[in-house]
>>> print(open('coords-v2.txt').read())   # compact mmCIF, C-alpha atoms
# COMPACT_ATOMS: atom_id res chain seq x y z
CA MET A 1 -7.90 -7.22 -10.09
CA HIS A 2 -7.91 -3.46 -10.41
CA PRO A 3 -5.28 -1.67 -8.28
CA ARG A 4 -8.02 0.52 -6.81
CA LEU A 5 -9.76 -2.55 -5.37
CA LEU A 6 -6.50 -3.91 -3.98
CA LYS A 7 -5.67 -0.62 -2.27
CA THR A 8 -9.10 -0.56 -0.63
CA PHE A 9 -8.71 -4.21 0.40
CA LEU A 10 -5.38 -3.46 2.10
CA ALA A 11 -6.82 -0.42 3.88
CA VAL A 12 -9.57 -2.60 5.36
CA ALA A 13 -7.09 -5.37 6.21
CA ARG A 14 -4.89 -2.95 8.15
CA SER A 15 -7.59 -0.98 9.93
CA ARG A 16 -10.02 -3.91 10.40
CA ASN A 17 -12.77 -1.32 10.17
CA ILE A 18 -14.77 0.02 7.23
CA THR A 19 -15.04 3.55 8.64
CA ARG A 20 -11.29 3.93 9.24
CA ALA A 21 -10.48 2.33 5.89
CA ALA A 22 -12.83 4.75 4.13
CA ALA A 23 -11.01 7.69 5.70
CA ALA A 24 -7.63 6.26 4.69
CA VAL A 25 -8.57 5.88 1.00
CA HIS A 26 -10.81 8.97 0.89
CA LEU A 27 -14.00 7.13 -0.04
CA ALA A 28 -17.50 6.84 1.39
CA GLN A 29 -18.09 3.81 3.60
CA SER A 30 -20.61 2.46 1.10
CA SER A 31 -18.00 2.68 -1.68
CA VAL A 32 -15.49 0.72 0.41
CA SER A 33 -18.08 -1.99 1.08
CA ASP A 34 -19.01 -2.12 -2.62
CA GLN A 35 -15.37 -2.47 -3.67
CA ILE A 36 -14.73 -5.30 -1.20
CA GLN A 37 -17.84 -7.10 -2.46
CA THR A 38 -16.70 -6.61 -6.06
CA LEU A 39 -13.26 -8.06 -5.27
CA GLU A 40 -14.80 -11.02 -3.41
CA ALA A 41 -17.13 -11.71 -6.34
CA GLU A 42 -14.22 -11.55 -8.78
CA LEU A 43 -12.13 -13.97 -6.70
CA GLY A 44 -15.02 -16.20 -5.69
CA ALA A 45 -14.13 -16.18 -2.00
CA ALA A 46 -14.92 -14.20 1.14
CA LEU A 47 -11.97 -12.07 2.24
CA PHE A 48 -13.21 -10.88 5.65
CA THR A 49 -15.26 -12.18 8.52
CA ARG A 50 -16.69 -10.16 11.40
CA SER A 51 -15.65 -10.63 15.01
CA LYS A 52 -16.13 -8.72 18.25
CA SER A 53 -12.80 -6.96 17.74
CA GLY A 54 -13.49 -5.95 14.11
CA LEU A 55 -13.01 -7.38 10.64
CA GLU A 56 -10.71 -10.38 10.40
CA LEU A 57 -9.04 -11.73 7.27
CA THR A 58 -10.24 -15.15 6.16
CA PRO A 59 -7.66 -17.71 4.95
CA ALA A 60 -8.34 -16.40 1.43
CA GLY A 61 -7.78 -12.83 2.62
CA LEU A 62 -4.53 -13.77 4.34
CA ALA A 63 -3.32 -15.39 1.12
CA LEU A 64 -4.23 -12.31 -0.92
CA LYS A 65 -2.66 -9.67 1.36
CA PRO A 66 1.07 -10.12 0.51
CA ILE A 67 0.25 -10.61 -3.17
CA ALA A 68 -1.86 -7.44 -3.21
CA GLU A 69 1.05 -5.51 -1.68
CA ASP A 70 3.41 -6.83 -4.36
CA LEU A 71 0.96 -6.08 -7.18
CA LEU A 72 0.46 -2.49 -6.03
CA ARG A 73 4.20 -1.98 -5.74
CA LEU A 74 4.73 -3.34 -9.25
CA ASP A 75 1.91 -1.18 -10.59
CA GLY A 76 3.59 1.92 -9.18
CA GLU A 77 6.98 0.88 -10.54
CA ALA A 78 5.53 0.21 -14.00
CA ARG A 79 3.91 3.63 -14.16
CA ALA A 80 7.08 5.37 -12.95
CA ALA A 81 9.28 3.45 -15.42
CA VAL A 82 7.02 4.25 -18.38
CA MET A 83 6.83 7.94 -17.45
CA ALA A 84 10.61 8.11 -17.04
CA ALA A 85 11.17 6.45 -20.42
CA ALA A 86 8.74 8.87 -22.04
CA GLY A 87 10.42 11.86 -20.40
CA GLN A 88 7.32 12.56 -18.32
CA ALA A 89 8.59 11.62 -14.87
CA SER A 90 6.84 13.45 -12.05
CA GLN A 91 8.76 16.37 -10.58
CA ALA A 92 6.81 16.24 -7.32
CA LEU A 93 7.92 14.50 -4.13
CA THR A 94 6.17 13.79 -0.86
CA ILE A 95 8.43 13.51 2.16
CA GLY A 96 7.33 11.95 5.42
CA ALA A 97 9.12 12.77 8.67
CA LEU A 98 8.90 12.63 12.42
CA GLU A 99 8.01 15.96 14.02
CA THR A 100 11.49 16.39 15.51
CA ILE A 101 13.30 15.70 12.24
CA ALA A 102 10.91 17.82 10.18
CA SER A 103 11.42 20.92 12.32
CA ALA A 104 15.06 20.57 13.38
CA ARG A 105 16.66 18.97 10.32
CA LEU A 106 14.48 19.17 7.20
CA ALA A 107 13.07 22.68 7.63
CA PRO A 108 16.53 24.32 7.55
CA TRP A 109 17.77 21.96 4.81
CA LEU A 110 14.92 21.88 2.28
CA PRO A 111 15.23 25.50 1.04
CA GLY A 112 18.78 24.76 -0.11
CA PHE A 113 17.67 21.60 -1.90
CA GLN A 114 14.81 23.43 -3.62
CA ALA A 115 17.12 26.26 -4.66
CA GLY A 116 19.28 23.69 -6.43
CA HIS A 117 16.26 21.89 -7.93
CA PRO A 118 13.57 24.52 -8.58
CA GLU A 119 11.75 22.12 -10.92
CA ILE A 120 10.90 19.75 -8.04
CA THR A 121 7.84 20.42 -5.90
CA VAL A 122 8.16 19.06 -2.37
CA ARG A 123 5.32 18.23 0.02
CA MET A 124 5.82 17.10 3.60
CA LYS A 125 3.75 14.92 5.90
CA VAL A 126 4.52 14.72 9.62
CA ALA A 127 3.56 11.52 11.46
CA ASP A 128 4.84 8.83 13.81
CA SER A 129 7.20 6.10 12.59
CA GLY A 130 4.54 3.42 12.19
CA THR A 131 2.33 5.69 10.10
CA LEU A 132 5.29 6.80 7.97
CA LEU A 133 6.19 3.20 7.09
CA ARG A 134 2.57 2.44 6.24
CA LEU A 135 2.37 5.51 3.99
CA LEU A 136 5.62 4.46 2.33
CA GLU A 137 4.38 0.92 1.67
CA ASP A 138 1.15 2.31 0.19
CA GLY A 139 3.02 4.73 -2.06
CA ASP A 140 1.52 7.81 -0.39
CA ILE A 141 4.98 9.19 0.39
CA ASP A 142 8.23 8.77 -1.55
CA VAL A 143 10.72 8.79 1.30
CA ALA A 144 10.53 8.76 5.08
CA PHE A 145 12.95 10.36 7.53
CA CYS A 146 12.78 8.85 10.99
CA PHE A 147 14.84 7.47 13.86
CA GLU A 148 15.40 3.74 13.93
CA ARG A 149 16.91 1.18 16.24
CA GLY A 150 20.42 0.15 15.30
CA ASP A 151 19.79 -3.60 15.63
CA GLY A 152 17.88 -3.95 12.34
CA ALA A 153 14.77 -5.17 14.16
CA ASN A 154 11.70 -5.58 11.94
CA ALA A 155 13.59 -4.47 8.81
CA ASP A 156 11.53 -4.87 5.63
CA GLU A 157 13.64 -6.06 2.71
CA ARG A 158 11.30 -4.27 0.29
CA LEU A 159 12.53 -0.97 1.70
CA ALA A 160 15.99 0.55 1.26
CA ARG A 161 17.54 2.39 4.19
CA ARG A 162 20.45 4.69 4.78
CA THR A 163 21.54 6.09 8.12
CA ILE A 164 22.55 9.71 7.64
CA VAL A 165 23.89 10.37 11.12
CA ARG A 166 23.49 9.14 14.67
CA GLU A 167 21.88 11.85 16.73
CA PRO A 168 22.86 11.89 20.43
CA LEU A 169 20.19 12.05 23.08
CA ALA A 170 20.37 14.50 25.94
CA LEU A 171 19.39 14.03 29.56
CA VAL A 172 17.67 17.31 30.42
CA VAL A 173 16.16 18.90 33.49
CA ALA A 174 14.78 22.30 34.49
CA PRO A 175 17.33 24.74 35.93
CA GLY A 176 17.84 24.10 39.64
CA LYS A 177 15.78 20.90 39.60
CA GLY A 178 18.44 18.20 39.46
CA ILE A 179 22.01 17.24 40.22
CA ALA A 180 24.41 15.24 38.06
CA PRO A 181 23.77 11.53 38.72
CA CYS A 182 26.77 9.36 39.56
CA ASP A 183 25.32 6.16 38.08
CA LEU A 184 22.15 4.72 36.52
CA ALA A 185 21.02 3.24 39.83
CA GLY A 186 21.04 6.71 41.35
CA LEU A 187 19.32 8.17 38.31
CA ALA A 188 16.59 5.53 38.51
CA SER A 189 15.25 7.15 41.68
CA SER A 190 14.42 10.34 39.75
CA ARG A 191 11.08 11.18 38.17
CA PHE A 192 10.95 11.13 34.38
CA VAL A 193 8.81 12.36 31.49
CA ALA A 194 9.05 10.01 28.49
CA THR A 195 7.45 9.12 25.20
CA GLU A 196 4.91 6.32 24.85
CA PRO A 197 5.86 2.62 24.42
CA GLY A 198 6.79 1.76 20.83
CA CYS A 199 8.65 5.02 20.23
CA ILE A 200 12.39 4.81 19.48
CA TYR A 201 13.17 7.27 22.30
CA ARG A 202 11.20 5.16 24.79
CA HIS A 203 12.99 2.02 23.59
CA MET A 204 16.35 3.67 24.20
CA PHE A 205 15.20 4.98 27.58
CA ASP A 206 14.10 1.53 28.74
CA THR A 207 17.11 -0.36 27.34
CA GLY A 208 19.55 2.20 28.75
CA PHE A 209 18.58 1.12 32.25
CA ALA A 210 18.00 -2.55 31.38
CA GLU A 211 21.51 -2.96 29.97
CA ALA A 212 22.88 -1.89 33.35
CA GLY A 213 20.56 -4.27 35.19
CA VAL A 214 18.62 -1.35 36.67
CA GLU A 215 14.85 -1.10 36.80
CA ALA A 216 13.54 1.82 34.73
CA PRO A 217 12.48 4.92 36.72
CA ARG A 218 8.89 5.78 37.52
CA LEU A 219 7.28 7.92 34.84
CA VAL A 220 5.18 10.87 35.93
CA VAL A 221 3.97 11.63 32.38
CA GLU A 222 3.94 9.83 29.02
CA ALA A 223 3.63 12.14 26.01
CA GLY A 224 3.57 11.60 22.25
CA SER A 225 5.36 14.85 21.40
CA ILE A 226 9.02 15.67 22.04
CA GLY A 227 8.09 19.36 22.14
CA ALA A 228 5.56 18.66 24.88
CA ILE A 229 8.10 16.62 26.83
CA ALA A 230 10.64 19.46 26.64
CA ARG A 231 8.05 21.94 27.96
CA LEU A 232 7.01 19.57 30.77
CA VAL A 233 10.64 19.12 31.80
CA ALA A 234 11.24 22.88 31.68
CA ALA A 235 8.21 23.32 33.95
CA GLY A 236 9.75 20.97 36.52
CA ALA A 237 7.71 17.81 35.94
CA GLY A 238 10.81 15.62 35.87
CA LEU A 239 13.83 14.68 33.79
CA GLY A 240 13.72 13.77 30.11
CA LEU A 241 15.88 11.82 27.66
CA VAL A 242 15.31 13.44 24.28
CA PRO A 243 17.16 14.07 20.98
CA HIS A 244 19.72 16.82 21.47
CA LEU A 245 18.65 18.45 18.20
CA ALA A 246 15.10 18.90 19.53
CA VAL A 247 16.20 20.86 22.62
CA SER A 248 19.31 22.68 21.43
CA ASP A 249 17.48 26.04 21.35
CA ALA A 250 16.00 25.50 24.82
CA LEU A 251 19.45 24.60 26.14
CA ALA A 252 20.94 27.74 24.57
CA ARG A 253 18.23 29.90 26.17
CA GLY A 254 18.77 28.30 29.57
CA ASP A 255 15.23 26.88 29.72
CA LEU A 256 16.76 23.42 30.15
CA ILE A 257 20.01 22.12 31.60
CA GLU A 258 21.81 19.09 30.15
CA LEU A 259 23.11 16.55 32.66
CA PRO A 260 25.69 13.86 31.88
CA TRP A 261 24.18 10.44 31.11
CA PRO A 262 25.95 8.04 33.50
CA GLY A 263 25.65 4.97 31.26
CA ARG A 264 26.63 4.04 27.70
CA ALA A 265 26.12 6.99 25.34
CA GLN A 266 22.62 6.99 23.82
CA ALA A 267 22.11 7.96 20.17
CA ALA A 268 19.34 7.43 17.61
CA SER A 269 20.00 6.66 13.95
CA LEU A 270 18.49 9.34 11.71
CA THR A 271 17.53 7.20 8.71
CA MET A 272 15.98 7.85 5.32
CA ILE A 273 13.83 5.00 3.97
CA TRP A 274 12.41 4.51 0.50
CA ARG A 275 10.92 1.72 -1.59
CA ARG A 276 13.23 -0.41 -3.68
CA ARG A 277 12.39 -0.01 -7.37
CA ARG A 278 13.86 -1.13 -10.65
CA VAL A 279 13.75 2.50 -11.80
CA GLN A 280 13.82 5.34 -9.27
CA PRO A 281 12.01 8.56 -10.28
CA PRO A 282 14.64 11.22 -11.08
CA ALA A 283 13.22 13.66 -8.52
CA LEU A 284 13.57 11.08 -5.74
CA TRP A 285 17.08 10.17 -6.87
CA HIS A 286 18.13 13.83 -6.64
CA LEU A 287 16.66 14.17 -3.14
CA LEU A 288 18.31 10.97 -1.88
CA ALA A 289 21.67 12.04 -3.26
CA ALA A 290 21.37 15.53 -1.78
CA ALA A 291 20.32 14.19 1.62
CA ARG A 292 23.23 11.75 1.58
CA ASP A 293 25.73 14.52 0.84
CA THR A 294 24.40 17.57 2.68
CA LEU A 295 21.78 16.73 5.32
CA ALA A 296 24.18 15.42 7.96
CA PRO A 297 25.84 18.08 10.17
CA GLU A 298 29.18 19.29 8.81
CA ARG A 299 30.94 18.23 11.99
CA SER A 300 29.67 15.05 13.63
CA ARG A 301 28.73 15.56 17.27
CA ALA A 302 29.80 13.18 19.98
CA GLY A 303 28.23 9.80 19.43
CA SER A 304 27.53 10.32 15.73
CA GLU A 305 28.60 7.67 13.26
CA PRO A 306 27.89 8.56 9.62
CA GLU A 307 27.54 5.58 7.32
CA SER A 308 30.26 4.81 4.81
CA THR A 309 30.24 6.25 1.31
CA SER A 310 30.47 2.80 -0.24
CA ARG A 311 27.28 1.76 1.53
CA SER A 312 25.42 4.82 0.25
CA LYS A 313 26.46 4.13 -3.32
CA VAL A 314 24.99 0.63 -3.10
CA LEU A 315 21.63 1.93 -1.87
CA LEU A 316 21.41 4.81 -4.33
>>> encode(input="coords-v2.txt", output="structure tokens")
Amino acid sequence: MHPRLLKTFLAVARSRNITRAAAAVHLAQSSVSDQIQTLEAELGAALFTRSKSGLELTPAGLALKPIAEDLLRLDGEARAAVMAAAGQASQALTIGALETIASARLAPWLPGFQAGHPEITVRMKVADSGTLLRLLEDGDIDVAFCFERGDGANADERLARRTIVREPLALVVAPGKGIAPCDLAGLASSRFVATEPGCIYRHMFDTGFAEAGVEAPRLVVEAGSIGAIARLVAAGAGLGLVPHLAVSDALARGDLIELPWPGRAQAASLTMIWRRRRVQPPALWHLLAAARDTLAPERSRAGSEPESTSRSKVLL
């Protein structure tokens, strides 16, 4: 089974649609269909069946999917190991990051890393957490920087993780538009702007009230961008619970006012995630080590809990 066919198979399995899969692997729809037919002929079994909701994996397809993921990972590791042994390891890296982290953390930090490693070319892709993990699994990015829940939910053992710092969230409001709440019950009567379900910030927003036995406030707007939420809050649409690092400039300018959060302090774990390999490419090793040592703020803010050095040594 050629790796190219397996990659196309996985793209179809995930998207359940030939058109979307073709866009993901940068092929014509006819080429995707041809490759799936070739793989089915080679294996002697149908891998997909059509339904009203899209393409569904057959029992044979379900059996192939985890094996295809493992084979592609091993193929990438084999190529990287051979290139490293031959002294031809790639000096290019592709970083994936959430919008907030890319602009507020990586943009100021990357120039220093590149100054220390001018031989390494760095590319950056900005996407949501789900897309970043998918790109990482497919080998389209080398490392992802995102916020994760601290309970280890849905952790994939094939991926290594290291929390760099816990970033506090800020309860913000437009100047003159709110008063300091005395408790979460009182805060629940306010109008809020929040991210969409599935986002780490939305999870923390919902659980912050649930842990206190309080029903979550009514949302006036759901938005997929922290920048958009900050602007909506500044315009008076409602309150927002957002990463402090994303609104620090707006707070300094007076466009937003930070109110005290009346419950347990809320913070998101800024985490770097990469694929476990027998041999890590040197360029990636340098970036992981630099991020471990220099990406976290020099002085931890309230609520931050950097991970121990011993833990980082194990992962790196």
>>> atom_distance(input="coords-v2.txt", atom1="atom CA of A:Thr38", atom2="atom CA of A:Glu77")
25.2 Å
>>> closest_residue(input="coords-v2.txt", among="A:Ile95, A:Ala185, A:Ile273, A:Ala235", to="A:Arg158", atoms="all atoms listed in the file")
A:Ile273
>>> closest_residue(input="coords-v2.txt", among="A:Arg191, A:Arg105, A:Arg218, A:Arg231", to="A:Leu270", atoms="only C-alpha atoms")
A:Arg105
>>> closest_atom_pairs(input="coords-v2.txt", of="stretch 64-172 of chain A", to="stretch 278-287 of chain A", cutoff="10 Å", atoms="only C-alpha atoms", output="tab-separated table")
residue	atom	partner	partner_atom	distance
A:Leu74	CA	A:Arg278	CA	9.5
A:Glu77	CA	A:Val279	CA	7.1
A:Ala78	CA	A:Val279	CA	8.8
A:Ala80	CA	A:Pro281	CA	6.5
A:Ala81	CA	A:Val279	CA	5.8
A:Val82	CA	A:Val279	CA	9.6
A:Met83	CA	A:Pro281	CA	8.9
A:Ala84	CA	A:Pro281	CA	6.9
A:Ala85	CA	A:Val279	CA	9.8
A:Ala89	CA	A:Pro281	CA	6.5
A:Ser90	CA	A:Ala283	CA	7.3
A:Gln91	CA	A:Ala283	CA	5.6
A:Ala92	CA	A:Ala283	CA	7.0
A:Leu93	CA	A:Leu284	CA	6.8
A:Thr94	CA	A:Leu284	CA	9.3
A:Ile95	CA	A:Leu284	CA	9.7
A:Leu110	CA	A:Leu287	CA	9.6
A:Phe113	CA	A:Leu287	CA	7.6
A:Gln114	CA	A:Leu287	CA	9.5
A:Gly116	CA	A:His286	CA	9.9
A:His117	CA	A:His286	CA	8.4
A:Glu119	CA	A:Ala283	CA	8.9
A:Ile120	CA	A:Ala283	CA	6.5
A:Thr121	CA	A:Ala283	CA	9.0
A:Val122	CA	A:Ala283	CA	9.6
A:Asp142	CA	A:Leu284	CA	7.2
A:Val143	CA	A:Leu284	CA	7.9
>>> atom_distance(input="coords-v2.txt", atom1="atom CA of A:Leu98", atom2="atom CA of A:Asp128")
5.7 Å
>>> residues_around(input="coords-v2.txt", residues="A:Pro175", least_positions_apart="3", cutoff="7 Å", atoms="all atoms listed in the file", output="VMD selection string")
chain A and resid 255 to 257
>>> atom_distance(input="coords-v2.txt", atom1="atom CA of A:Ala41", atom2="atom CA of A:Leu5")
11.8 Å
>>> closest_residue(input="coords-v2.txt", among="A:Leu169, A:Thr19, A:Leu106, A:Arg277", to="A:Arg79", atoms="all atoms listed in the file")
A:Arg277
>>> closest_residue(input="coords-v2.txt", among="A:Leu259, A:Ala22, A:Glu69, A:Phe9", to="A:Leu47", atoms="only C-alpha atoms")
A:Phe9
>>> axis_aligned_box(input="coords-v2.txt", around="stretch 207-217 of chain A", padding_each_side="4 Å", output="JSON")
{"center_x": 17.7, "center_y": 0.3, "center_z": 32.1, "size_x": 18.4, "size_y": 17.2, "size_z": 17.5}
>>> residues_near_point(input="coords-v2.txt", point="(-3.3, 7.1, 0.1)", cutoff="9 Å", atoms="all atoms listed in the file", output="PyMOL selection string")
chain A and resi 7+24-26+135+138-141
>>> closest_residue(input="coords-v2.txt", among="A:Asp75, A:Glu99, A:Glu56, A:Glu196", to="A:Arg4", atoms="all atoms listed in the file")
A:Asp75
